[in-house]
file final24.txt (compact mmCIF, C-alpha atoms)
# COMPACT_ATOMS: atom_id res chain seq x y z
CA MET A 1205 -42.17 250.22 252.52
CA ASP A 1206 -41.96 254.00 252.75
CA SER A 1207 -40.38 255.12 249.48
CA SER A 1208 -39.07 258.31 251.10
CA LEU A 1209 -36.95 256.18 253.48
CA ILE A 1210 -35.50 254.27 250.54
CA ARG A 1211 -34.52 257.50 248.82
CA LYS A 1212 -33.13 258.88 252.08
CA TYR A 1213 -30.97 255.90 253.02
CA ASN A 1214 -30.07 254.35 249.68
CA VAL A 1215 -26.41 255.35 249.70
CA ALA A 1216 -23.22 253.51 248.84
CA GLY A 1217 -22.06 251.39 251.76
CA PRO A 1218 -20.09 248.28 252.77
CA ARG A 1219 -21.57 244.77 253.10
CA TYR A 1220 -19.72 244.17 256.36
CA THR A 1221 -18.31 240.72 255.87
CA SER A 1222 -15.60 242.16 258.11
CA TYR A 1223 -14.94 245.13 260.33
CA PRO A 1224 -12.95 247.11 259.48
CA THR A 1225 -13.97 246.65 255.83
CA VAL A 1226 -11.21 245.86 253.34
CA PRO A 1227 -10.84 249.43 251.92
CA TYR A 1228 -10.11 250.65 255.45
CA TRP A 1229 -7.45 248.14 256.36
CA ASP A 1230 -4.17 249.72 257.38
CA PRO A 1231 -1.56 248.22 255.02
CA HIS A 1232 1.35 250.15 256.49
CA SER A 1233 1.40 248.29 259.79
CA PHE A 1234 0.94 244.86 258.20
CA SER A 1235 3.69 242.26 257.92
CA VAL A 1236 3.62 238.56 257.12
CA GLU A 1237 5.67 237.73 260.21
CA THR A 1238 3.23 239.50 262.52
CA TRP A 1239 0.34 237.75 260.77
CA LYS A 1240 1.99 234.43 261.61
CA GLU A 1241 2.29 235.53 265.23
CA LYS A 1242 -1.41 236.49 265.35
CA VAL A 1243 -2.41 233.16 263.81
CA THR A 1244 -0.29 231.25 266.34
CA GLU A 1245 -1.71 233.23 269.26
CA THR A 1246 -5.34 232.59 268.31
CA PHE A 1247 -4.68 228.97 267.32
CA LEU A 1248 -3.20 228.11 270.70
CA LYS A 1249 -6.17 229.68 272.49
CA THR A 1250 -8.95 228.17 270.37
CA ASN A 1251 -7.82 224.92 268.70
CA ASP A 1252 -9.64 222.79 271.26
CA TYR A 1253 -12.87 224.25 269.87
CA GLY A 1254 -11.66 224.21 266.25
CA ILE A 1255 -10.74 226.42 263.32
CA SER A 1256 -12.39 227.20 259.97
CA LEU A 1257 -10.98 226.92 256.47
CA TYR A 1258 -12.14 228.86 253.45
CA ILE A 1259 -10.67 227.47 250.22
CA HIS A 1260 -11.10 229.56 247.08
CA LEU A 1261 -11.39 227.59 243.83
CA PRO A 1262 -11.46 230.35 241.21
CA PHE A 1263 -12.07 228.56 237.92
CA CYS A 1264 -15.25 228.98 235.84
CA GLU A 1265 -15.95 227.80 232.30
CA SER A 1266 -17.82 231.03 231.49
CA LEU A 1267 -18.12 234.52 232.98
CA CYS A 1268 -21.36 235.44 234.73
CA THR A 1269 -21.39 239.17 234.11
CA TYR A 1270 -23.10 240.10 237.41
CA CYS A 1271 -20.38 238.35 239.43
CA GLY A 1272 -18.12 240.26 241.80
CA CYS A 1273 -15.94 237.29 242.82
CA ASN A 1274 -12.32 236.65 241.94
CA THR A 1275 -12.48 234.21 239.01
CA ARG A 1276 -10.36 232.72 236.25
CA ILE A 1277 -12.30 231.82 233.10
CA THR A 1278 -11.05 228.71 231.33
CA ILE A 1279 -12.24 225.45 229.81
CA ASN A 1280 -8.82 223.89 230.37
CA HIS A 1281 -9.26 221.44 233.23
CA LYS A 1282 -5.54 220.72 233.31
CA VAL A 1283 -5.31 223.64 235.75
CA GLU A 1284 -7.00 221.56 238.48
CA GLU A 1285 -4.11 219.41 239.67
CA PRO A 1286 -1.40 222.10 239.88
CA TYR A 1287 -3.81 224.43 241.68
CA ILE A 1288 -4.70 221.81 244.29
CA GLU A 1289 -1.02 220.99 244.71
CA THR A 1290 -0.34 224.68 245.41
CA VAL A 1291 -3.21 225.00 247.89
CA LEU A 1292 -1.93 221.98 249.81
CA LYS A 1293 1.57 223.48 249.88
CA GLU A 1294 0.09 226.65 251.36
CA TRP A 1295 -1.81 224.58 253.95
CA ASN A 1296 1.39 222.77 254.92
CA MET A 1297 2.97 226.16 255.69
CA TYR A 1298 0.17 226.81 258.19
CA LEU A 1299 0.63 223.34 259.68
CA ARG A 1300 4.24 224.24 260.37
CA ILE A 1301 3.08 227.47 262.03
CA PHE A 1302 0.59 225.58 264.22
CA LYS A 1303 3.12 222.89 265.28
CA THR A 1304 0.16 220.98 266.72
CA LYS A 1305 -2.47 219.09 264.73
CA PRO A 1306 -5.38 221.47 264.08
CA THR A 1307 -9.01 220.61 264.78
CA ILE A 1308 -11.15 221.45 261.75
CA LYS A 1309 -14.56 222.78 262.70
CA GLU A 1310 -15.62 224.11 259.31
CA ILE A 1311 -14.54 223.90 255.68
CA HIS A 1312 -16.16 225.93 252.94
CA LEU A 1313 -15.24 225.60 249.26
CA GLY A 1314 -16.09 228.78 247.38
CA GLY A 1315 -15.34 230.24 243.99
CA GLY A 1316 -15.42 230.58 241.12
CA THR A 1317 -17.07 227.26 240.55
CA PRO A 1318 -15.78 224.61 242.99
CA THR A 1319 -17.63 221.93 241.04
CA PHE A 1320 -15.43 222.84 238.08
CA PHE A 1321 -13.07 220.33 239.73
CA SER A 1322 -13.42 216.58 239.16
CA SER A 1323 -14.50 214.21 241.92
CA GLU A 1324 -10.98 212.81 242.10
CA ASN A 1325 -9.39 216.23 242.54
CA LEU A 1326 -11.93 217.32 245.15
CA GLU A 1327 -11.13 214.13 247.06
CA ARG A 1328 -7.41 214.80 246.72
CA LEU A 1329 -7.87 218.33 248.08
CA ILE A 1330 -9.94 217.40 251.14
CA ASN A 1331 -7.93 214.28 251.95
CA GLY A 1332 -4.78 216.37 251.70
CA ILE A 1333 -6.22 218.92 254.14
CA LEU A 1334 -7.40 216.30 256.61
CA SER A 1335 -4.23 214.21 256.51
CA GLY A 1336 -2.55 216.73 258.80
CA ALA A 1337 -5.62 217.57 260.88
CA LYS A 1338 -8.51 216.08 262.80
CA ARG A 1339 -12.20 216.84 262.46
CA ALA A 1340 -14.20 218.30 265.32
CA ASP A 1341 -17.04 216.09 266.49
CA ASP A 1342 -19.58 218.62 265.17
CA PHE A 1343 -17.70 219.66 262.01
CA GLU A 1344 -19.56 221.30 259.14
CA PHE A 1345 -18.35 221.11 255.53
CA GLY A 1346 -20.01 223.02 252.68
CA ILE A 1347 -19.47 223.71 248.99
CA GLU A 1348 -20.81 226.08 246.34
CA GLY A 1349 -21.76 224.75 242.92
CA HIS A 1350 -23.13 225.70 239.51
CA PRO A 1351 -26.16 223.50 238.67
CA ASN A 1352 -24.88 222.98 235.12
CA TYR A 1353 -21.43 221.87 236.26
CA THR A 1354 -22.32 219.68 239.23
CA LYS A 1355 -22.61 215.94 238.78
CA PRO A 1356 -24.10 213.34 241.15
CA GLU A 1357 -20.75 211.52 241.35
CA GLN A 1358 -19.10 214.74 242.60
CA LEU A 1359 -21.78 215.11 245.27
CA GLN A 1360 -21.36 211.48 246.31
CA ALA A 1361 -17.60 211.91 246.63
CA LEU A 1362 -18.09 215.06 248.73
CA PHE A 1363 -20.72 213.38 250.90
CA ASN A 1364 -18.29 210.53 251.57
CA LEU A 1365 -15.77 213.13 252.75
CA GLY A 1366 -18.25 214.62 255.24
CA PHE A 1367 -19.90 217.41 253.26
CA ARG A 1368 -23.52 218.00 254.22
CA ARG A 1369 -24.14 221.59 253.06
CA LEU A 1370 -24.49 222.59 249.43
CA SER A 1371 -25.20 225.95 247.80
CA PHE A 1372 -26.30 226.52 244.22
CA GLY A 1373 -26.16 229.86 242.44
CA ILE A 1374 -29.59 230.29 240.82
CA GLN A 1375 -30.00 234.09 240.70
CA ASP A 1376 -33.12 234.17 238.47
CA PHE A 1377 -35.09 231.73 236.30
CA ASP A 1378 -36.20 234.43 233.82
CA LEU A 1379 -34.53 233.58 230.49
CA ARG A 1380 -34.08 237.26 229.52
CA VAL A 1381 -32.29 237.95 232.79
CA GLN A 1382 -30.21 234.77 232.48
CA GLU A 1383 -29.10 235.74 228.99
CA ILE A 1384 -27.98 239.27 229.86
CA VAL A 1385 -25.98 238.08 232.90
CA ASN A 1386 -24.70 234.99 231.02
CA ARG A 1387 -26.00 232.52 233.61
CA LEU A 1388 -28.12 230.05 231.66
CA GLN A 1389 -29.57 227.12 233.59
CA SER A 1390 -32.96 225.50 233.30
CA PHE A 1391 -35.43 224.73 236.05
CA GLU A 1392 -35.18 221.06 235.07
CA GLN A 1393 -31.39 221.05 235.59
CA VAL A 1394 -31.69 222.72 238.99
CA LYS A 1395 -34.46 220.31 240.00
CA SER A 1396 -32.46 217.28 238.88
CA ILE A 1397 -29.26 218.14 240.75
CA THR A 1398 -31.16 219.25 243.88
CA GLU A 1399 -33.02 215.95 244.00
CA ALA A 1400 -29.73 214.10 243.47
CA ALA A 1401 -28.16 215.95 246.40
CA ARG A 1402 -31.04 215.08 248.66
CA SER A 1403 -31.09 211.44 247.64
CA ILE A 1404 -27.37 211.21 248.43
CA GLY A 1405 -28.00 212.64 251.90
CA PHE A 1406 -27.12 216.35 251.88
CA GLU A 1407 -28.85 217.90 254.88
CA SER A 1408 -28.96 221.55 253.83
CA VAL A 1409 -29.35 222.88 250.30
CA ASN A 1410 -29.09 226.63 249.76
CA TYR A 1411 -30.11 228.66 246.69
CA ASP A 1412 -28.56 232.04 245.95
CA LEU A 1413 -31.03 234.48 244.39
CA ILE A 1414 -30.32 238.06 243.38
CA TYR A 1415 -32.72 241.00 243.13
CA GLY A 1416 -31.93 244.14 241.16
CA LEU A 1417 -30.42 242.35 238.15
CA PRO A 1418 -30.65 243.90 234.68
CA LEU A 1419 -34.04 243.46 232.96
CA GLN A 1420 -35.49 241.97 236.15
CA THR A 1421 -39.17 242.68 236.79
CA LYS A 1422 -41.79 241.80 239.40
CA GLN A 1423 -42.91 238.98 237.14
CA SER A 1424 -39.31 237.67 237.08
CA ILE A 1425 -39.35 237.51 240.87
CA ILE A 1426 -42.79 235.90 241.01
CA ASP A 1427 -41.83 233.19 238.50
CA THR A 1428 -38.44 232.58 240.14
CA VAL A 1429 -39.78 232.32 243.69
CA GLU A 1430 -42.65 230.09 242.51
CA LYS A 1431 -40.11 227.68 241.04
CA VAL A 1432 -37.91 227.89 244.11
CA ARG A 1433 -40.87 227.12 246.35
CA GLN A 1434 -41.51 223.97 244.36
CA LEU A 1435 -37.99 222.71 245.06
CA ARG A 1436 -38.02 223.97 248.65
CA PRO A 1437 -34.33 224.48 249.47
CA ASP A 1438 -33.51 224.58 253.18
CA ARG A 1439 -31.89 228.02 252.94
CA ILE A 1440 -32.11 230.95 250.57
CA ALA A 1441 -29.71 233.87 250.21
CA PHE A 1442 -31.64 236.69 248.54
CA TYR A 1443 -28.91 239.19 247.74
CA SER A 1444 -29.03 242.71 246.41
CA TYR A 1445 -27.16 242.99 243.11
CA ALA A 1446 -23.97 244.99 243.64
CA HIS A 1447 -23.30 247.12 240.56
CA VAL A 1448 -19.56 247.88 240.63
CA PRO A 1449 -18.42 248.04 236.97
CA TRP A 1450 -15.35 250.06 238.00
CA ILE A 1451 -14.20 246.89 239.80
CA LYS A 1452 -15.79 244.21 237.60
CA PRO A 1453 -15.64 245.23 233.90
CA GLY A 1454 -17.92 242.31 232.95
CA GLN A 1455 -20.80 244.33 234.36
CA ARG A 1456 -20.33 246.81 231.53
CA LYS A 1457 -22.22 244.40 229.28
CA PHE A 1458 -25.29 246.26 230.51
CA THR A 1459 -25.81 249.79 231.82
CA GLU A 1460 -27.59 251.36 234.76
CA LEU A 1461 -30.53 251.98 232.43
CA ASP A 1462 -31.11 248.20 232.44
CA LEU A 1463 -31.25 248.06 236.25
CA PRO A 1464 -34.31 248.53 238.49
CA LYS A 1465 -33.77 251.64 240.61
CA ASP A 1466 -34.30 252.50 244.29
CA GLU A 1467 -38.00 251.93 245.15
CA GLU A 1468 -38.45 249.62 242.16
CA LYS A 1469 -35.48 247.51 243.24
CA ARG A 1470 -36.58 247.36 246.87
CA ALA A 1471 -40.08 246.38 245.75
CA LEU A 1472 -38.56 243.29 244.11
CA TYR A 1473 -37.07 242.27 247.45
CA GLU A 1474 -40.26 242.93 249.39
CA LEU A 1475 -42.24 240.87 246.87
CA GLY A 1476 -39.81 237.97 247.09
CA ARG A 1477 -39.62 238.20 250.89
CA THR A 1478 -43.40 238.10 251.22
CA MET A 1479 -43.67 235.07 248.94
CA LEU A 1480 -40.92 233.25 250.84
CA GLU A 1481 -42.42 233.99 254.24
CA GLU A 1482 -45.81 232.77 253.02
CA SER A 1483 -44.06 229.49 252.20
CA GLY A 1484 -42.60 229.03 255.67
CA TYR A 1485 -39.20 230.69 255.28
CA VAL A 1486 -37.97 232.93 258.08
CA GLU A 1487 -35.76 235.96 257.43
CA ILE A 1488 -32.35 235.45 259.06
CA GLY A 1489 -29.96 238.38 259.39
CA MET A 1490 -29.48 240.40 256.22
CA ASP A 1491 -30.88 238.92 252.98
CA HIS A 1492 -31.03 235.32 254.22
CA PHE A 1493 -33.96 232.98 254.79
CA ALA A 1494 -34.25 229.49 256.25
CA LEU A 1495 -36.86 226.88 257.02
CA GLN A 1496 -37.38 226.28 260.72
CA SER A 1497 -35.93 222.79 260.31
CA ASP A 1498 -32.55 224.18 259.17
CA SER A 1499 -29.60 224.76 261.48
CA LEU A 1500 -29.25 228.39 260.29
CA TYR A 1501 -32.70 229.16 261.68
CA GLN A 1502 -31.86 227.37 264.91
CA ALA A 1503 -28.60 229.33 265.24
CA SER A 1504 -30.50 232.60 264.78
CA ARG A 1505 -32.82 231.65 267.63
CA ASN A 1506 -30.22 230.40 270.12
CA GLY A 1507 -27.82 233.30 269.57
CA SER A 1508 -25.02 231.36 267.86
CA LEU A 1509 -25.45 232.86 264.37
CA HIS A 1510 -22.18 234.30 263.07
CA ARG A 1511 -21.09 236.26 260.00
CA ASN A 1512 -17.68 236.22 258.36
CA PHE A 1513 -16.10 236.23 254.89
CA MET A 1514 -18.12 233.09 254.08
CA GLY A 1515 -21.39 234.87 254.91
CA TYR A 1516 -23.73 233.69 257.66
CA THR A 1517 -22.67 230.52 259.44
CA THR A 1518 -23.81 228.46 262.40
CA THR A 1519 -20.29 228.19 263.82
CA SER A 1520 -18.20 230.97 265.31
CA THR A 1521 -14.51 230.11 265.25
CA LYS A 1522 -11.93 232.72 266.20
CA LEU A 1523 -9.49 231.50 263.55
CA GLN A 1524 -10.32 231.23 259.87
CA ILE A 1525 -7.54 230.30 257.47
CA GLY A 1526 -8.00 231.40 253.86
CA LEU A 1527 -6.36 229.16 251.27
CA GLY A 1528 -6.09 229.80 247.56
CA VAL A 1529 -5.91 232.87 245.38
CA SER A 1530 -7.55 236.01 246.91
CA SER A 1531 -8.71 234.17 250.07
CA ILE A 1532 -8.92 236.11 253.32
CA GLY A 1533 -7.83 234.78 256.69
CA ASP A 1534 -9.13 236.03 260.03
CA SER A 1535 -7.46 235.48 263.41
CA TRP A 1536 -10.08 237.71 265.09
CA ASN A 1537 -7.42 240.28 265.94
CA ALA A 1538 -6.02 240.41 262.38
CA PHE A 1539 -6.96 239.91 258.72
CA ALA A 1540 -4.75 238.85 255.81
CA GLN A 1541 -5.60 238.45 252.13
CA ASN A 1542 -3.81 236.34 249.54
CA VAL A 1543 -2.66 237.75 246.23
CA LYS A 1544 -5.38 237.88 243.59
CA VAL A 1545 -3.51 236.81 240.44
CA PHE A 1546 -3.28 233.05 239.84
CA GLU A 1547 0.27 232.99 238.47
CA GLU A 1548 1.58 235.22 241.26
CA TYR A 1549 -0.08 233.01 243.88
CA VAL A 1550 1.53 229.86 242.48
CA LYS A 1551 4.98 231.46 242.26
CA ILE A 1552 4.97 232.80 245.83
CA VAL A 1553 3.83 229.49 247.30
CA ASN A 1554 6.34 227.51 245.24
CA ASP A 1555 9.04 229.86 246.54
CA GLY A 1556 8.10 228.71 250.03
CA ASN A 1557 6.30 231.85 251.23
CA LEU A 1558 2.79 232.57 252.44
CA PRO A 1559 1.02 234.35 249.56
CA VAL A 1560 -0.58 237.11 251.66
CA PHE A 1561 -0.08 240.60 250.28
CA LYS A 1562 -2.11 242.85 252.56
CA GLY A 1563 -3.90 242.77 255.87
CA HIS A 1564 -4.92 244.62 258.99
CA PHE A 1565 -4.20 244.31 262.69
CA LEU A 1566 -7.27 245.27 264.70
CA SER A 1567 -6.95 247.99 267.33
CA HIS A 1568 -8.81 247.97 270.67
CA GLU A 1569 -11.40 250.28 269.09
CA ASP A 1570 -11.74 247.99 266.05
CA LEU A 1571 -12.43 244.96 268.24
CA ILE A 1572 -15.17 246.73 270.20
CA LEU A 1573 -16.90 248.07 267.09
CA ARG A 1574 -16.50 244.72 265.33
CA ARG A 1575 -18.42 243.02 268.13
CA HIS A 1576 -21.30 245.52 267.98
CA ILE A 1577 -21.54 245.42 264.18
CA LEU A 1578 -21.59 241.62 264.26
CA ASN A 1579 -24.35 241.66 266.88
CA ILE A 1580 -26.43 244.03 264.76
CA MET A 1581 -26.04 241.88 261.63
CA CYS A 1582 -26.69 238.58 263.39
CA ARG A 1583 -29.19 239.50 266.11
CA PHE A 1584 -30.53 242.95 265.16
CA GLU A 1585 -29.44 244.26 268.56
CA THR A 1586 -26.40 244.93 270.69
CA SER A 1587 -25.57 246.09 274.21
CA TRP A 1588 -22.66 247.69 276.05
CA LYS A 1589 -23.26 247.34 279.78
CA GLU A 1590 -19.69 246.28 280.54
CA GLU A 1591 -16.83 248.75 280.30
CA SER A 1592 -15.01 246.37 277.95
CA GLU A 1593 -17.88 246.81 275.45
CA GLN A 1594 -17.66 250.61 275.43
CA HIS A 1595 -15.57 253.13 273.54
CA ALA A 1596 -15.87 256.81 272.64
CA SER A 1597 -16.29 255.81 268.97
CA LEU A 1598 -19.36 253.76 269.90
CA TYR A 1599 -20.99 256.80 271.47
CA ASP A 1600 -20.07 258.89 268.43
CA GLY A 1601 -21.87 256.31 266.32
CA LEU A 1602 -24.94 256.38 268.54
CA GLU A 1603 -25.12 260.15 268.01
CA ARG A 1604 -25.15 259.56 264.25
CA LEU A 1605 -28.13 257.22 264.68
CA LYS A 1606 -30.48 259.84 266.14
CA GLU A 1607 -32.11 260.53 262.78
CA MET A 1608 -32.78 256.82 262.30
CA VAL A 1609 -34.34 256.68 265.77
CA LYS A 1610 -36.69 259.48 264.68
CA ASP A 1611 -37.56 257.43 261.59
CA ASP A 1612 -38.44 254.47 263.87
CA LEU A 1613 -35.69 252.27 262.39
CA LEU A 1614 -34.22 251.43 265.81
CA THR A 1615 -34.49 252.18 269.50
CA ILE A 1616 -31.64 253.17 271.79
CA GLU A 1617 -32.05 252.62 275.52
CA PRO A 1618 -29.36 252.91 278.20
CA PHE A 1619 -26.65 250.45 277.10
CA GLU A 1620 -28.82 248.79 274.42
CA LEU A 1621 -29.70 249.18 270.74
CA ARG A 1622 -32.50 247.27 269.01
CA ILE A 1623 -33.48 247.39 265.35
CA THR A 1624 -37.21 247.59 264.70
CA GLU A 1625 -39.03 245.53 262.09
CA LYS A 1626 -39.22 248.71 260.01
CA GLY A 1627 -35.47 249.15 260.32
CA ARG A 1628 -34.35 245.72 259.15
CA PRO A 1629 -33.94 246.75 255.48
CA PHE A 1630 -31.49 249.42 256.69
CA VAL A 1631 -29.11 247.24 258.72
CA ARG A 1632 -26.13 248.22 256.57
CA ASN A 1633 -26.90 251.92 257.14
CA ILE A 1634 -27.04 251.33 260.91
CA CYS A 1635 -23.69 249.54 260.79
CA MET A 1636 -22.26 252.44 258.79
CA ALA A 1637 -23.17 254.86 261.59
CA LEU A 1638 -20.93 252.85 263.95
CA ASP A 1639 -18.14 252.52 261.38
CA SER A 1640 -15.56 254.84 262.88
CA ARG A 1641 -13.02 254.30 260.11
CA LEU A 1642 -15.56 255.15 257.41
CA TRP A 1643 -16.45 258.43 259.15
CA LYS A 1644 -12.84 259.40 259.75
CA SER A 1645 -12.03 258.97 256.05
CA GLN A 1646 -15.00 259.35 253.73
CA PRO A 1647 -14.24 257.80 250.30
CA LYS A 1648 -13.54 260.34 247.58
CA THR A 1649 -14.65 257.92 244.86
CA THR A 1650 -17.38 255.27 244.68
CA ILE A 1651 -16.04 252.06 246.21
CA PHE A 1652 -19.23 250.41 247.54
CA SER A 1653 -22.55 249.33 246.10
CA SER A 1654 -25.87 250.82 247.26
CA THR A 1655 -27.18 249.77 250.65
CA VAL A 1656 -30.86 249.29 249.78

call {"tool": "encode", "arguments": {"input": "final24.txt", "output": "structure tokens"}}
result
Amino acid sequence: MDSSLIRKYNVAGPRYTSYPTVPYWDPHSFSVETWKEKVTETFLKTNDYGISLYIHLPFCESLCTYCGCNTRITINHKVEEPYIETVLKEWNMYLRIFKTKPTIKEIHLGGGTPTFFSSENLERLINGILSGAKRADDFEFGIEGHPNYTKPEQLQALFNLGFRRLSFGIQDFDLRVQEIVNRLQSFEQVKSITEAARSIGFESVNYDLIYGLPLQTKQSIIDTVEKVRQLRPDRIAFYSYAHVPWIKPGQRKFTELDLPKDEEKRALYELGRTMLEESGYVEIGMDHFALQSDSLYQASRNGSLHRNFMGYTTTSTKLQIGLGVSSIGDSWNAFAQNVKVFEEYVKIVNDGNLPVFKGHFLSHEDLILRRHILNIMCRFETSWKEESEQHASLYDGLERLKEMVKDDLLTIEPFELRITEKGRPFVRNICMALDSRLWKSQPKTTIFSSTV
């Protein structure tokens, strides 16, 4: 890759799990009552197809210092039952809002470490959710897990409940890297639990890998990808490390001097990508890879690939309910996030109130730009032939892309934008050009990680 392009476009930018991005939500117009109205409106329109649930399970037994997620570090497993009880109380509030039994299309358990919870408590959680709902015929349930804290009996219990997707956080197999980010797990442990999942019947196993970690080298990537290729997961998320110590103090265990920079960091990705593609993996969207036998690959080819707060998914529901501390809900025309502090979350729910504390109601402009940004992230192209797909802010964004057109990162034809192969590493930069809210109010402090 041209190193001058990396230097030119390696700026701080959003990851676009939503548009508008969270720092640009308008908190002043938000109210819990209006959020309920938005949820009801979208539910009534789309429940025949189904809704999605994201359930945040925040507990971890130890802190991985690279992590940017909302976590609670504890070895006290007595927190499991009261937390599940609170999540189910929150869910019951939404059931009262719906008034009609919801159809569940997708459930994703994220964290934290969802496999921190015992088999019995995971069963209690999912059975509690499903007792007031029905499953869509083509439902898809997935869970994230730590290889060291995932047991075959947990996987069997989840499989019996309908879970078929599983994601393990691997990050890197290099012991030096594992030690500095406090994520120690052996190849043997990962191999053992992966084989257990497959023998039970899980259809899609994903590995999360990260490039740009402290002390990471080309040899780290080579060794890690070689081991990953041996185990052959169905999907791989190959993320860029987001260094945000002003948000996550745990990242202060190391400094920027320990991190690979710019061209060096991007070279780690290109090396890993080449090795994965040589092994039959296909790059899907931003930073994701899948075997051609996996449903994520198939969704990317038939145009049904979607991206939301859970990352890339094969289903595209208009309503996503976020349950648990810090979870984000999405009614397509509105976002709402739960409070981030465990004790506050429990108190608000036990007082009989939805625990959302901020959100955003999307304007007409937001909805148009959201569609185009989603298209770019999921299909590397977008179009605006219909008047309903057009807005002055879109054309302002296209003007900002002229320099990238000169650099052969994308092409713009009448009513159509396509990202070139050369431009794929710069998808976030292309999305930024269309981000009207970002351009109207440039951040005065660093709030995002680097784009490349």

call {"tool": "residues_around", "arguments": {"input": "final24.txt", "residues": "Phe1619 in chain A", "least_positions_apart": "6", "cutoff": "9 Å", "atoms": "all atoms listed in the file", "output": "ChimeraX atom specification"}}
result
/A:1586-1590

call {"tool": "write_last_selection", "arguments": {"input": "final24.txt", "atoms": "C-alpha atoms", "output": "PDB file, keeping the file's coordinate frame"}}
result
ATOM      1  CA  THR A1586     -26.400 244.930 270.690  1.00  0.00           C
ATOM      2  CA  SER A1587     -25.570 246.090 274.210  1.00  0.00           C
ATOM      3  CA  TRP A1588     -22.660 247.690 276.050  1.00  0.00           C
ATOM      4  CA  LYS A1589     -23.260 247.340 279.780  1.00  0.00           C
ATOM      5  CA  GLU A1590     -19.690 246.280 280.540  1.00  0.00           C
TER       6      GLU A1590
END

call {"tool": "atom_distance", "arguments": {"input": "final24.txt", "atom1": "CA of Tyr1445 in chain A", "atom2": "CA of Gln1389 in chain A"}}
result
18.7 Å

call {"tool": "closest_residue", "arguments": {"input": "final24.txt", "among": "A:Leu1370, A:Val1609, A:Val1553, A:Val1215", "to": "Gly1405 in chain A", "atoms": "all atoms listed in the file"}}
result
A:Leu1370

call {"tool": "residues_around", "arguments": {"input": "final24.txt", "residues": "Ile1525 in chain A", "least_positions_apart": "6", "cutoff": "12 Å", "atoms": "all atoms listed in the file", "output": "PyMOL selection string"}}
result
chain A and resi 1239-1240+1242-1244+1246-1247+1254-1260+1291+1294-1299+1301-1302+1306+1308-1312+1333+1512-1514+1531-1536+1538-1542+1558+1560

call {"tool": "closest_residue", "arguments": {"input": "final24.txt", "among": "A:Glu1593, A:Glu1603, A:Glu1383, A:Glu1237", "to": "Ile1634 in chain A", "atoms": "all atoms listed in the file"}}
result
A:Glu1603

call {"tool": "closest_residue", "arguments": {"input": "final24.txt", "among": "A:Ser1530, A:Arg1339, A:Glu1617, A:Lys1644", "to": "Arg1276 in chain A", "atoms": "only C-alpha atoms"}}
result
A:Ser1530

call {"tool": "closest_residue", "arguments": {"input": "final24.txt", "among": "A:Gln1524, A:Phe1363, A:Leu1267, A:Asn1537", "to": "Glu1241 in chain A", "atoms": "only C-alpha atoms"}}
result
A:Asn1537

call {"tool": "decode", "arguments": {"input": "final24.txt", "residues": "range 1632-1643 of chain A", "atoms": "N, CA and C atoms", "output": "mmCIF file, in the first residue's frame"}}
result
data_model
loop_
_atom_site.group_PDB
_atom_site.id
_atom_site.type_symbol
_atom_site.label_atom_id
_atom_site.label_comp_id
_atom_site.auth_asym_id
_atom_site.auth_seq_id
_atom_site.Cartn_x
_atom_site.Cartn_y
_atom_site.Cartn_z
ATOM 1 N N ARG A 1632 -13.616 4.245 6.285
ATOM 2 C CA ARG A 1632 -14.030 5.162 7.361
ATOM 3 C C ARG A 1632 -13.822 6.619 6.936
ATOM 4 N N ASN A 1633 -12.749 6.898 6.213
ATOM 5 C CA ASN A 1633 -12.496 8.260 5.743
ATOM 6 C C ASN A 1633 -13.577 8.694 4.752
ATOM 7 N N ILE A 1634 -14.011 7.760 3.890
ATOM 8 C CA ILE A 1634 -15.059 8.073 2.918
ATOM 9 C C ILE A 1634 -16.375 8.354 3.636
ATOM 10 N N CYS A 1635 -16.681 7.547 4.644
ATOM 11 C CA CYS A 1635 -17.885 7.804 5.447
ATOM 12 C C CYS A 1635 -17.801 9.161 6.138
ATOM 13 N N MET A 1636 -16.621 9.515 6.611
ATOM 14 C CA MET A 1636 -16.446 10.802 7.295
ATOM 15 C C MET A 1636 -16.788 11.969 6.372
ATOM 16 N N ALA A 1637 -16.459 11.835 5.087
ATOM 17 C CA ALA A 1637 -16.747 12.925 4.149
ATOM 18 C C ALA A 1637 -18.245 13.180 4.041
ATOM 19 N N LEU A 1638 -19.052 12.138 4.224
ATOM 20 C CA LEU A 1638 -20.513 12.274 4.153
ATOM 21 C C LEU A 1638 -21.140 12.604 5.501
ATOM 22 N N ASP A 1639 -20.338 12.637 6.542
ATOM 23 C CA ASP A 1639 -20.831 12.833 7.905
ATOM 24 C C ASP A 1639 -21.091 14.314 8.156
ATOM 25 N N SER A 1640 -22.302 14.734 7.848
ATOM 26 C CA SER A 1640 -22.651 16.145 7.941
ATOM 27 C C SER A 1640 -22.471 16.701 9.345
ATOM 28 N N ARG A 1641 -22.844 15.906 10.347
ATOM 29 C CA ARG A 1641 -22.747 16.400 11.727
ATOM 30 C C ARG A 1641 -21.291 16.581 12.160
ATOM 31 N N LEU A 1642 -20.420 15.708 11.701
ATOM 32 C CA LEU A 1642 -19.000 15.844 12.011
ATOM 33 C C LEU A 1642 -18.432 17.133 11.416
ATOM 34 N N TRP A 1643 -18.833 17.458 10.177
ATOM 35 C CA TRP A 1643 -18.301 18.645 9.507
ATOM 36 C C TRP A 1643 -18.893 19.930 10.056
#
